[in-house]
Amino acid sequence: MGAFIEAVELRKTYHVGKIEVPALRCVSLGVQRGEFVSVVGPSGSGKSTLFYLLGGLTRPDSGHVIVDGDDFAQLSDAERTRMRQRKIGFVFQKFNLLPTLDARSNIDIALAIAGKNGNRDPAYFNKIVGLLGIERRLLHRPSELSGGEQQRVALARALINKPAIVLADEPTGNLDSKNSDVVLNMLRYSNRELGQTVLMITHNPEAAAYGDRILHMRDGEMLDEKGPATARDGS
């Protein structure tokens, strides 16, 4: 049986004027259903480019991304959009909350985009916001929230549709240790208790230790693999 998420010989080069900047150089990986995989690397290693390709947010120059048997390269733009809405929850470092909406509406907008407007599971919603400690902040707009609270709202938004896959790009990059622990513990909960497959991009070894496996990237290449991680059990 193939991997739930599979990258096959991905290549991606960006052009800055007349200069070519290789971001990924023939990167392959497989993530099994229900795994929590951390991808670690310094700035410029290509890990964020990998995140965008695995989520179908951009296309590789060559290679394939296969999610649950569907090859993104064989899907139309509309089909890729439906795939993301149906199966993938995204967590970005910069939160990407809508400034005119309160926290509750920022979470619910993910339901509307997926065509589930008005179909929120109240028990699940209350469980998620309670675990994230934002139940008393739901009527506040992003400008009234701390950075840590904004990221917790963004994580709730990623989880509200009960996606099979959670992709997180530097989810603790702008957070202090307390808020980082809340976010990482929530990702671990979503993996262990909800059965979601989690792939997290990070430059932080302590955050990476929450994963079952740790993949290392440098200069657009996958270097090696370490696992299982043990530090997460004592964190």
# chains A, B, ... in the order shown; residues from 1 in each chain; ligands from 1
$ select_by_dssp --residues "range 12-234 of chain A" --states "strand (DSSP E or B)" --output "MDAnalysis selection string"
chainID A and resid 12:16 19:31 36:40 62:67 70:71 88:91 165:169 197:202 213:218 221:226
$ closest_atom_pairs --of "range 147-176 of chain A" --to "range 126-137 of chain A" --cutoff "7 Å" --atoms "only C-alpha atoms" --output "CSV"
residue,atom,partner,partner_atom,distance
A:Glu149,CA,A:Ile134,CA,7.0
A:Arg152,CA,A:Leu132,CA,6.1
A:Ala156,CA,A:Ile128,CA,6.4
$ select_by_dssp --residues "range 25-133 of chain A" --states "alpha helix (DSSP H)" --output "VMD selection string"
chain A and resid 47 to 54 77 to 87 103 to 113 122 to 131
$ closest_atom_pairs --of "range 114-229 of chain A" --to "range 82-95 of chain A" --cutoff "12 Å" --atoms "only C-alpha atoms" --output "CSV"
residue,atom,partner,partner_atom,distance
A:Ala114,CA,A:Gln85,CA,5.3
A:Gly115,CA,A:Gln85,CA,8.8
A:Lys116,CA,A:Gln85,CA,10.3
A:Pro142,CA,A:Phe95,CA,9.6
A:Leu145,CA,A:Phe95,CA,11.7
A:Ser146,CA,A:Phe95,CA,11.4
A:Gly147,CA,A:Phe95,CA,8.6
A:Gly148,CA,A:Phe95,CA,9.7
A:Glu149,CA,A:Phe95,CA,9.9
A:Gln150,CA,A:Phe95,CA,6.5
A:Gln151,CA,A:Phe95,CA,5.6
A:Arg152,CA,A:Phe95,CA,8.8
A:Val153,CA,A:Phe95,CA,8.3
A:Ala154,CA,A:Phe95,CA,5.7
A:Leu155,CA,A:Val91,CA,5.9
A:Ala156,CA,A:Val91,CA,9.2
A:Arg157,CA,A:Gly89,CA,7.9
A:Ala158,CA,A:Gly89,CA,4.3
A:Leu159,CA,A:Gly89,CA,6.1
A:Ile160,CA,A:Gly89,CA,8.5
A:Asn161,CA,A:Gly89,CA,7.7
A:Lys162,CA,A:Gly89,CA,8.1
A:Pro163,CA,A:Lys87,CA,4.7
A:Ala164,CA,A:Lys87,CA,5.1
A:Ile165,CA,A:Ile88,CA,4.8
A:Val166,CA,A:Gly89,CA,4.7
A:Leu167,CA,A:Phe90,CA,5.0
A:Ala168,CA,A:Val91,CA,4.5
A:Asp169,CA,A:Phe92,CA,5.2
A:Glu170,CA,A:Gln93,CA,5.2
A:Pro171,CA,A:Gln93,CA,5.0
A:Thr172,CA,A:Gln93,CA,7.1
A:Gly173,CA,A:Gln93,CA,6.3
A:Asn174,CA,A:Gln93,CA,7.0
A:Leu175,CA,A:Gln93,CA,9.4
A:Ser180,CA,A:Gln93,CA,11.7
A:Val183,CA,A:Val91,CA,10.3
A:Leu184,CA,A:Val91,CA,11.7
A:Leu187,CA,A:Val91,CA,10.3
A:Ser190,CA,A:Gly89,CA,11.2
A:Gln196,CA,A:Ile88,CA,9.7
A:Thr197,CA,A:Ile88,CA,9.5
A:Val198,CA,A:Gly89,CA,9.5
A:Leu199,CA,A:Phe90,CA,10.1
A:Met200,CA,A:Val91,CA,9.1
A:Ile201,CA,A:Phe92,CA,9.9
A:Thr202,CA,A:Gln93,CA,9.9
A:His203,CA,A:Gln93,CA,12.0
$ residues_around --residues "His140 in chain A" --least-positions-apart "5" --cutoff "9 Å" --atoms "only C-alpha atoms" --output "PyMOL selection string"
chain A and resi 101-104+145
$ residues_around --residues "Gly30 in chain A" --least-positions-apart "2" --cutoff "8 Å" --atoms "only C-alpha atoms" --output "PDB file with C-alpha atoms, in the first residue's frame"
ATOM      1  CA  ALA A   3       1.928   6.334   1.374  1.00  0.00           C
ATOM      2  CA  PHE A   4      -1.011   8.595   2.302  1.00  0.00           C
ATOM      3  CA  ILE A   5       1.070  11.621   1.252  1.00  0.00           C
ATOM      4  CA  GLU A   6       3.781  10.960  -1.306  1.00  0.00           C
ATOM      5  CA  ALA A   7       6.265  13.307  -2.954  1.00  0.00           C
ATOM      6  CA  SER A  28      11.023  12.471  -2.383  1.00  0.00           C
ATOM      7  CA  GLN A  32       1.742   7.207   6.202  1.00  0.00           C
TER       8      GLN A  32
END
